[in-house]
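To keep things clear, I will list the structure first and then write my remarks on it.
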There are 2 protein chains.
Amino acid sequence: MQDNVTKILKAISDPTRRELFHALVIAATALPITQVSAQFNMTRQGVTKHLKTLENAGLICIETSGRERFCKAETKPLQEVKDWLSFYEQFWDTKLDQLGAFLDQKG
Amino acid sequence: MQDNVTKILKAISDPTRRELFHALVIAATALPITQVSAQFNMTRQGVTKHLKTLENAGLICIETSGRERFCKAETKPLQEVKDWLSFYEQFWDTKLDQLGAFLDQKG
DNA sequence: CTAATAAGCAACCAAAAAGTTGCATATTAA
DNA sequence: TTAATATGCAACTTTTTGGTTGCTTATTAG
């Protein structure tokens with residue numbers, strides 16, 4: 001389909017999905033889909049679609065117990081976004097610029 | 001339209017746009033549109049659309065000189081993404097988990 | 001056993017996105 | 001001044017996305 005970073009970025013680029021993800025992160029505990037969707041002004045099926053996108057990006061994991069499916073946030077994949085950012089960080093970080101200038105001066 | 005973080009995330013969630021942005025970052029100097037689009041297997045107009053999306057997210061700035069329009073990367077807005085990530089970072093950082101466990105044990 | 005609950009799946013819809021072609025316009029080079 | 005170059009704009013197509021409704025199925029509670 002598409003690479004990991006793209007999947008993750010696409011997943012978090014939607015505000016509703018960011019809210020959904022956030023709700024699951026702060027819930028700390030795994031929540032059944034109906035309970036998650038109750039917090040959103042949207043049909044359960046709509047929420048389910050978003051949850052699938054998040055799951056596909058590895059940002060949540062879902063496990064079944066009886067007739068319920070519990071969703072739990074997984075923050076680790078966000079590390080990939082941080083890694084992607086890290087390359088560009090050097091260009092915006094003025095402190096680093098100053099350090100560079102300092103080292104140039106010294107060296 | 002949409003909030004800043006959403007605009008930025010949407011902009012970088014497209015692989016072509018990430019490539020475009022990267023090309024401009026490593027170019028260091030501002031490049032005219034035709035020169036940018038020459039590096040991509042896409043029409044100039046297609047590239048222009050992507051550049052507009054990046055510009056709208058603040059990730060590039062474009063200035064006109066004669067008949068040419070020069071594009072330059074702006075990495076600073078990525079700070080907003082980093083800020084968004086920072087909240088979730090505590091949850092994936094195992095060192096922090098271990099610290100938490102350590103403190104629980106002590107306390 | 002039966003009714004209520006939790007959920008999936010498929011079809012559909014509207015809007016947005018990714019890209020194209022065609023054409024007009026301004027600037028610059030010959 | 002004429003031709004070439006750099007670009008924008010508008011219209012159009014295809015795919016993706018965000019969301020819905022309707023229906024089926026499995027589990028659980030009375």
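In the structure tokens, chains take the letters A, B, ... in the order shown, each chain's residues start at 1, and ligands count up from 1 in the order shown.
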Problem set entry | C-alpha RMSD, in-order pairing, chain B superimposed onto chain A |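 Least-squares fit of chain B onto chain A, C-alpha RMSD 0.7 Å.
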Exercise. What lies within 12 Å of DT21 (chain C) using only C-alpha atoms (C1' of nucleotides), ignoring chain neighbours under 4 positions off, as an MDAnalysis selection string?
Worked result: (chainID B and resid 43:46) or (chainID D and resid 10:13)
Requested write-out: C-alpha atoms (C1' of nucleotides) of the selected residues, as a tab-separated table (two decimals), in the first residue's frame:
```tsv
chain	number	residue	atom	x	y	z
B	43	THR	CA	3.65	17.94	-15.07
B	44	ARG	CA	4.75	21.38	-13.94
B	45	GLN	CA	1.15	22.22	-13.06
B	46	GLY	CA	0.93	19.15	-10.86
D	10	DA	C1'	-9.61	26.98	-15.44
D	11	DA	C1'	-11.83	22.85	-16.65
D	12	DC	C1'	-11.93	18.16	-16.37
D	13	DT	C1'	-11.05	13.11	-14.75
```
Could I get the residues of chain D with an atom no further than 9 Å from an atom of chain B, each paired with its nearest atom pair and that distance in Å to one decimal, using only C-alpha atoms (C1' of nucleotides), sorted by chain and residue number, as a Markdown table?
```
| residue | atom | partner | partner_atom | distance |
| --- | --- | --- | --- | --- |
| D:DT5 | C1' | B:Arg67 | CA | 8.6 |
| D:DA6 | C1' | B:Arg67 | CA | 5.6 |
| D:DT7 | C1' | B:Arg67 | CA | 7.1 |
```
Would you export the selected residues with C-alpha atoms (C1' of nucleotides) as a short mmCIF file (atom, residue, chain, number, x, y, z; two decimals), in the first residue's frame, please?
```
data_model
loop_
_atom_site.label_atom_id
_atom_site.label_comp_id
_atom_site.auth_asym_id
_atom_site.auth_seq_id
_atom_site.Cartn_x
_atom_site.Cartn_y
_atom_site.Cartn_z
"C1'" DT D 5 10.61 30.69 -21.62
"C1'" DA D 6 8.28 30.74 -16.95
"C1'" DT D 7 4.28 30.79 -15.18
#
```
For this session: Enumerate as a list of chain:residue names the residues belonging to chain C that approach chain B to within 10 Å, with only C-alpha atoms (C1' of nucleotides) taken into account.
Result: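 Written out as asked, the residues are C:DA18, C:DG19, C:DT20, C:DA26, C:DT27, C:DT28.
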For the selection you just gave me, I'd like the residues written to a file as a PDB file, in the first residue's frame, keeping N, CA and C atoms (P, O5', C5', C4', C3', O3' and C1' of nucleotides).
```
ATOM      1  P    DA C  18      -3.375  15.138  -2.246  1.00  0.00           P
ATOM      2  O5'  DA C  18      -3.154  14.583  -3.722  1.00  0.00           O
ATOM      3  C5'  DA C  18      -3.408  13.199  -3.980  1.00  0.00           C
ATOM      4  C4'  DA C  18      -3.266  12.960  -5.458  1.00  0.00           C
ATOM      5  C3'  DA C  18      -2.071  13.685  -6.078  1.00  0.00           C
ATOM      6  O3'  DA C  18      -1.430  12.798  -6.973  1.00  0.00           O
ATOM      7  C1'  DA C  18      -4.033  14.261  -7.219  1.00  0.00           C
ATOM      8  P    DG C  19       0.034  13.138  -7.473  1.00  0.00           P
ATOM      9  O5'  DG C  19      -0.247  13.654  -8.960  1.00  0.00           O
ATOM     10  C5'  DG C  19      -0.785  12.742  -9.864  1.00  0.00           C
ATOM     11  C4'  DG C  19      -1.589  13.414 -10.939  1.00  0.00           C
ATOM     12  C3'  DG C  19      -0.854  14.419 -11.834  1.00  0.00           C
ATOM     13  O3'  DG C  19      -0.290  13.752 -12.952  1.00  0.00           O
ATOM     14  C1'  DG C  19      -3.184  14.894 -11.524  1.00  0.00           C
ATOM     15  P    DT C  20       0.525  14.581 -14.047  1.00  0.00           P
ATOM     16  O5'  DT C  20      -0.561  14.840 -15.198  1.00  0.00           O
ATOM     17  C5'  DT C  20      -1.368  13.750 -15.662  1.00  0.00           C
ATOM     18  C4'  DT C  20      -2.502  14.274 -16.504  1.00  0.00           C
ATOM     19  C3'  DT C  20      -2.075  15.259 -17.572  1.00  0.00           C
ATOM     20  O3'  DT C  20      -1.935  14.587 -18.812  1.00  0.00           O
ATOM     21  C1'  DT C  20      -4.012  16.049 -16.396  1.00  0.00           C
ATOM     22  P    DA C  26      -0.236  40.322 -18.884  1.00  0.00           P
ATOM     23  O5'  DA C  26       1.256  40.329 -18.322  1.00  0.00           O
ATOM     24  C5'  DA C  26       1.534  39.655 -17.086  1.00  0.00           C
ATOM     25  C4'  DA C  26       2.944  39.148 -17.143  1.00  0.00           C
ATOM     26  C3'  DA C  26       3.969  40.221 -17.539  1.00  0.00           C
ATOM     27  O3'  DA C  26       4.998  40.155 -16.583  1.00  0.00           O
ATOM     28  C1'  DA C  26       4.258  38.281 -18.850  1.00  0.00           C
ATOM     29  P    DT C  27       5.953  41.421 -16.338  1.00  0.00           P
ATOM     30  O5'  DT C  27       7.370  40.823 -16.762  1.00  0.00           O
ATOM     31  C5'  DT C  27       7.828  39.661 -16.088  1.00  0.00           C
ATOM     32  C4'  DT C  27       8.790  38.939 -16.985  1.00  0.00           C
ATOM     33  C3'  DT C  27      10.007  39.760 -17.398  1.00  0.00           C
ATOM     34  O3'  DT C  27      11.119  39.068 -16.921  1.00  0.00           O
ATOM     35  C1'  DT C  27       9.150  38.526 -19.203  1.00  0.00           C
ATOM     36  P    DT C  28      12.524  39.797 -16.660  1.00  0.00           P
ATOM     37  O5'  DT C  28      13.405  39.183 -17.829  1.00  0.00           O
ATOM     38  C5'  DT C  28      13.511  37.762 -17.890  1.00  0.00           C
ATOM     39  C4'  DT C  28      13.895  37.339 -19.274  1.00  0.00           C
ATOM     40  C3'  DT C  28      15.111  38.066 -19.836  1.00  0.00           C
ATOM     41  O3'  DT C  28      16.007  37.056 -20.225  1.00  0.00           O
ATOM     42  C1'  DT C  28      13.418  37.916 -21.437  1.00  0.00           C
TER      43       DT C  28
END
```
Which chain A residues have any atom within 12 Å of an atom of chain B, and for each, what is the nearest pair of atoms with distance in Å to one decimal, counting only C-alpha atoms, rows sorted by chain and number, as CSV?
```
residue,atom,partner,partner_atom,distance
A:Gln2,CA,B:Pro15,CA,9.0
A:Asp3,CA,B:Pro15,CA,8.8
A:Asn4,CA,B:Ser13,CA,10.7
A:Val5,CA,B:Ser13,CA,8.0
A:Thr6,CA,B:Ser13,CA,5.5
A:Lys7,CA,B:Ser13,CA,7.9
A:Ile8,CA,B:Ser13,CA,8.1
A:Leu9,CA,B:Ser13,CA,4.9
A:Lys10,CA,B:Ser13,CA,5.1
A:Ala11,CA,B:Ser13,CA,8.7
A:Ile12,CA,B:Leu9,CA,7.3
A:Ser13,CA,B:Leu9,CA,4.9
A:Asp14,CA,B:Thr6,CA,6.7
A:Pro15,CA,B:Thr6,CA,6.6
A:Thr16,CA,B:Thr6,CA,10.4
A:Arg17,CA,B:Thr6,CA,10.9
A:Arg18,CA,B:Thr6,CA,9.5
A:Glu19,CA,B:Thr6,CA,11.9
A:Phe21,CA,B:Tyr88,CA,10.2
A:His22,CA,B:Tyr88,CA,8.8
A:Ala23,CA,B:Tyr88,CA,11.9
A:Leu24,CA,B:Tyr88,CA,11.5
A:Val25,CA,B:Tyr88,CA,8.1
A:Ile26,CA,B:Tyr88,CA,9.7
A:Ala28,CA,B:Phe91,CA,9.8
A:Leu59,CA,B:Tyr88,CA,11.3
A:Ala73,CA,B:Phe91,CA,9.7
A:Glu74,CA,B:Trp92,CA,7.9
A:Thr75,CA,B:Trp92,CA,5.5
A:Lys76,CA,B:Trp92,CA,4.9
A:Pro77,CA,B:Trp92,CA,8.6
A:Leu78,CA,B:Leu85,CA,7.2
A:Gln79,CA,B:Glu89,CA,7.8
A:Glu80,CA,B:Leu85,CA,10.7
A:Val81,CA,B:Leu85,CA,8.3
A:Lys82,CA,B:Lys82,CA,7.0
A:Asp83,CA,B:Lys82,CA,10.3
A:Trp84,CA,B:Arg18,CA,10.1
A:Leu85,CA,B:Leu78,CA,7.3
A:Ser86,CA,B:Lys82,CA,9.2
A:Phe87,CA,B:His22,CA,9.8
A:Tyr88,CA,B:Thr75,CA,6.4
A:Glu89,CA,B:Thr75,CA,7.4
A:Gln90,CA,B:Thr75,CA,9.0
A:Phe91,CA,B:Thr75,CA,6.4
A:Trp92,CA,B:Lys76,CA,5.0
A:Asp93,CA,B:Lys76,CA,8.1
A:Thr94,CA,B:Lys76,CA,10.0
```
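Every protein or nucleic acid residue with an atom no more than 10 Å from DC13 (chain C), counting only C-alpha atoms (C1' of nucleotides) and leaving out same-chain residues fewer than 2 positions away, appears here: DA11 and DA15 of chain C; DG19 and DT20 of chain D.
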Exercise. Could you work out how far CA of Ala57 (chain A) lies from CA of Met1 (chain A), giving the answer in Å with one decimal?
Worked result: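 So the answer is 11.5 Å.
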Exercise. What is the C1' of DA4 (chain C)-CA of Ser37 (chain A) distance in Å, reported with one decimal?
Worked result: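 Distance reported for this atom pair: 18.8 Å.
In this model, the gap between CA of Lys52 (chain B) and C1' of DG18 (chain D) comes to 23.3 Å.
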Exercise. Among region 27-103 of chain B, which residues carry a DSSP assignment of strand (DSSP E), reported as a PyMOL selection string?
Worked result: chain B and resi 31-32+60-65+68-73
Just to be explicit: take each residue in the selection above, keep C-alpha atoms, and write the result as a PDB file, in the first residue's frame.
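Contents of the output file selection-v3.pdb:
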```
ATOM      1  CA  LEU B  31      14.777  27.326  -6.874  1.00  0.00           C
ATOM      2  CA  PRO B  32      12.457  28.419  -9.679  1.00  0.00           C
ATOM      3  CA  ILE B  60       7.926  26.874   1.693  1.00  0.00           C
ATOM      4  CA  CYS B  61       7.876  30.492   0.664  1.00  0.00           C
ATOM      5  CA  ILE B  62       7.759  31.650  -2.912  1.00  0.00           C
ATOM      6  CA  GLU B  63       8.924  34.946  -4.270  1.00  0.00           C
ATOM      7  CA  THR B  64       8.760  36.328  -7.740  1.00  0.00           C
ATOM      8  CA  SER B  65      11.727  37.722  -9.604  1.00  0.00           C
ATOM      9  CA  GLU B  68      10.492  33.282 -12.378  1.00  0.00           C
ATOM     10  CA  ARG B  69       9.137  32.289  -8.987  1.00  0.00           C
ATOM     11  CA  PHE B  70      11.678  31.043  -6.500  1.00  0.00           C
ATOM     12  CA  CYS B  71      10.751  28.490  -3.842  1.00  0.00           C
ATOM     13  CA  LYS B  72      12.579  28.155  -0.574  1.00  0.00           C
ATOM     14  CA  ALA B  73      11.978  25.645   2.201  1.00  0.00           C
TER      15      ALA B  73
END
```
For this session: Name the residues in contact with DC23 (chain D) at a cut-off of 12 Å, using only C-alpha atoms (C1' of nucleotides), excluding same-chain residues fewer than 4 positions from it; report them as a list in words.
Result: DG8, DC9, DA10 and DA11 of chain C
Could you save those same residues with N, CA and C atoms (P, O5', C5', C4', C3', O3' and C1' of nucleotides) as an mmCIF file, in the first residue's frame?
```
data_model
loop_
_atom_site.group_PDB
_atom_site.id
_atom_site.type_symbol
_atom_site.label_atom_id
_atom_site.label_comp_id
_atom_site.auth_asym_id
_atom_site.auth_seq_id
_atom_site.Cartn_x
_atom_site.Cartn_y
_atom_site.Cartn_z
ATOM 1 P P DG C 8 -16.120 -4.148 14.569
ATOM 2 O "O5'" DG C 8 -16.747 -5.035 13.383
ATOM 3 C "C5'" DG C 8 -16.685 -6.463 13.470
ATOM 4 C "C4'" DG C 8 -17.217 -7.068 12.195
ATOM 5 C "C3'" DG C 8 -16.615 -6.454 10.937
ATOM 6 O "O3'" DG C 8 -16.372 -7.493 9.990
ATOM 7 C "C1'" DG C 8 -18.977 -6.092 10.957
ATOM 8 P P DC C 9 -15.560 -7.224 8.655
ATOM 9 O "O5'" DC C 9 -16.719 -7.107 7.565
ATOM 10 C "C5'" DC C 9 -17.797 -8.037 7.571
ATOM 11 C "C4'" DC C 9 -18.794 -7.622 6.507
ATOM 12 C "C3'" DC C 9 -18.149 -6.911 5.322
ATOM 13 O "O3'" DC C 9 -18.628 -7.507 4.133
ATOM 14 C "C1'" DC C 9 -19.925 -5.613 6.184
ATOM 15 P P DA C 10 -17.913 -7.246 2.735
ATOM 16 O "O5'" DA C 10 -19.080 -6.472 1.961
ATOM 17 C "C5'" DA C 10 -20.416 -6.949 2.101
ATOM 18 C "C4'" DA C 10 -21.365 -5.962 1.464
ATOM 19 C "C3'" DA C 10 -20.789 -5.243 0.253
ATOM 20 O "O3'" DA C 10 -21.804 -5.193 -0.725
ATOM 21 C "C1'" DA C 10 -21.512 -3.662 1.843
ATOM 22 P P DA C 11 -21.476 -4.677 -2.189
ATOM 23 O "O5'" DA C 11 -22.413 -3.390 -2.248
ATOM 24 C "C5'" DA C 11 -23.743 -3.503 -1.735
ATOM 25 C "C4'" DA C 11 -24.336 -2.118 -1.648
ATOM 26 C "C3'" DA C 11 -23.982 -1.226 -2.831
ATOM 27 O "O3'" DA C 11 -25.175 -0.628 -3.292
ATOM 28 C "C1'" DA C 11 -23.447 -0.146 -0.795
#
```
For this session: Any chance you could list, as number ranges by chain, the residues in region 1-88 of chain A that come up alpha helix (DSSP H) when DSSP is run on the backbone?
Result: A: 4-12, 15-27, 33-37, 44-56, 78-88
Mind dumping the selected residues with C-alpha atoms as a PDB file, in the first residue's frame?
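File written: again-v4.pdb
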```
ATOM      1  CA  ASN A   4       4.949   3.377   7.250  1.00  0.00           C
ATOM      2  CA  VAL A   5       5.634   7.059   7.747  1.00  0.00           C
ATOM      3  CA  THR A   6       3.017   7.945   5.155  1.00  0.00           C
ATOM      4  CA  LYS A   7       0.446   5.705   6.842  1.00  0.00           C
ATOM      5  CA  ILE A   8       1.155   7.261  10.219  1.00  0.00           C
ATOM      6  CA  LEU A   9       1.163  10.845   8.941  1.00  0.00           C
ATOM      7  CA  LYS A  10      -2.042  10.288   6.978  1.00  0.00           C
ATOM      8  CA  ALA A  11      -3.630   8.774  10.088  1.00  0.00           C
ATOM      9  CA  ILE A  12      -2.797  11.745  12.302  1.00  0.00           C
ATOM     10  CA  PRO A  15      -8.369  16.102  13.252  1.00  0.00           C
ATOM     11  CA  THR A  16     -11.113  13.620  14.158  1.00  0.00           C
ATOM     12  CA  ARG A  17      -8.563  10.813  14.198  1.00  0.00           C
ATOM     13  CA  ARG A  18      -6.225  12.859  16.342  1.00  0.00           C
ATOM     14  CA  GLU A  19      -9.090  13.396  18.797  1.00  0.00           C
ATOM     15  CA  LEU A  20      -9.932   9.714  18.720  1.00  0.00           C
ATOM     16  CA  PHE A  21      -6.325   8.785  19.325  1.00  0.00           C
ATOM     17  CA  HIS A  22      -6.016  11.326  22.103  1.00  0.00           C
ATOM     18  CA  ALA A  23      -9.139  10.019  23.817  1.00  0.00           C
ATOM     19  CA  LEU A  24      -7.663   6.519  23.797  1.00  0.00           C
ATOM     20  CA  VAL A  25      -4.290   7.704  25.058  1.00  0.00           C
ATOM     21  CA  ILE A  26      -5.702   9.534  28.036  1.00  0.00           C
ATOM     22  CA  ALA A  27      -8.175   6.734  28.726  1.00  0.00           C
ATOM     23  CA  ILE A  33     -15.787   0.669  20.218  1.00  0.00           C
ATOM     24  CA  THR A  34     -19.281   1.711  21.269  1.00  0.00           C
ATOM     25  CA  GLN A  35     -17.876   3.491  24.276  1.00  0.00           C
ATOM     26  CA  VAL A  36     -15.345   5.311  22.117  1.00  0.00           C
ATOM     27  CA  SER A  37     -17.888   6.303  19.507  1.00  0.00           C
ATOM     28  CA  ARG A  44     -20.394   4.100  15.173  1.00  0.00           C
ATOM     29  CA  GLN A  45     -19.547   2.902  11.663  1.00  0.00           C
ATOM     30  CA  GLY A  46     -17.879   6.198  10.909  1.00  0.00           C
ATOM     31  CA  VAL A  47     -15.779   5.900  14.033  1.00  0.00           C
ATOM     32  CA  THR A  48     -14.948   2.299  13.177  1.00  0.00           C
ATOM     33  CA  LYS A  49     -13.518   3.427   9.838  1.00  0.00           C
ATOM     34  CA  HIS A  50     -11.243   5.906  11.578  1.00  0.00           C
ATOM     35  CA  LEU A  51     -10.219   3.272  14.103  1.00  0.00           C
ATOM     36  CA  LYS A  52      -9.248   0.966  11.243  1.00  0.00           C
ATOM     37  CA  THR A  53      -7.065   3.682   9.770  1.00  0.00           C
ATOM     38  CA  LEU A  54      -5.391   4.179  13.133  1.00  0.00           C
ATOM     39  CA  GLU A  55      -4.984   0.426  13.559  1.00  0.00           C
ATOM     40  CA  ASN A  56      -3.478   0.124  10.085  1.00  0.00           C
ATOM     41  CA  LEU A  78       4.962   8.157  16.519  1.00  0.00           C
ATOM     42  CA  GLN A  79       8.674   7.686  17.001  1.00  0.00           C
ATOM     43  CA  GLU A  80       8.899   7.288  13.222  1.00  0.00           C
ATOM     44  CA  VAL A  81       7.440  10.750  12.777  1.00  0.00           C
ATOM     45  CA  LYS A  82       9.901  12.123  15.273  1.00  0.00           C
ATOM     46  CA  ASP A  83      12.721  10.436  13.373  1.00  0.00           C
ATOM     47  CA  TRP A  84      11.507  11.964  10.126  1.00  0.00           C
ATOM     48  CA  LEU A  85      11.397  15.377  11.778  1.00  0.00           C
ATOM     49  CA  SER A  86      14.830  15.063  13.309  1.00  0.00           C
ATOM     50  CA  PHE A  87      16.592  15.591   9.993  1.00  0.00           C
ATOM     51  CA  TYR A  88      14.880  18.939   9.485  1.00  0.00           C
TER      52      TYR A  88
END
```
For this session: Have a look at C:DC1, C:DA6, C:DA16, C:DA24 and name the one nearest to DG8 (chain D); count only C-alpha atoms (C1' of nucleotides).
Result: C:DA24
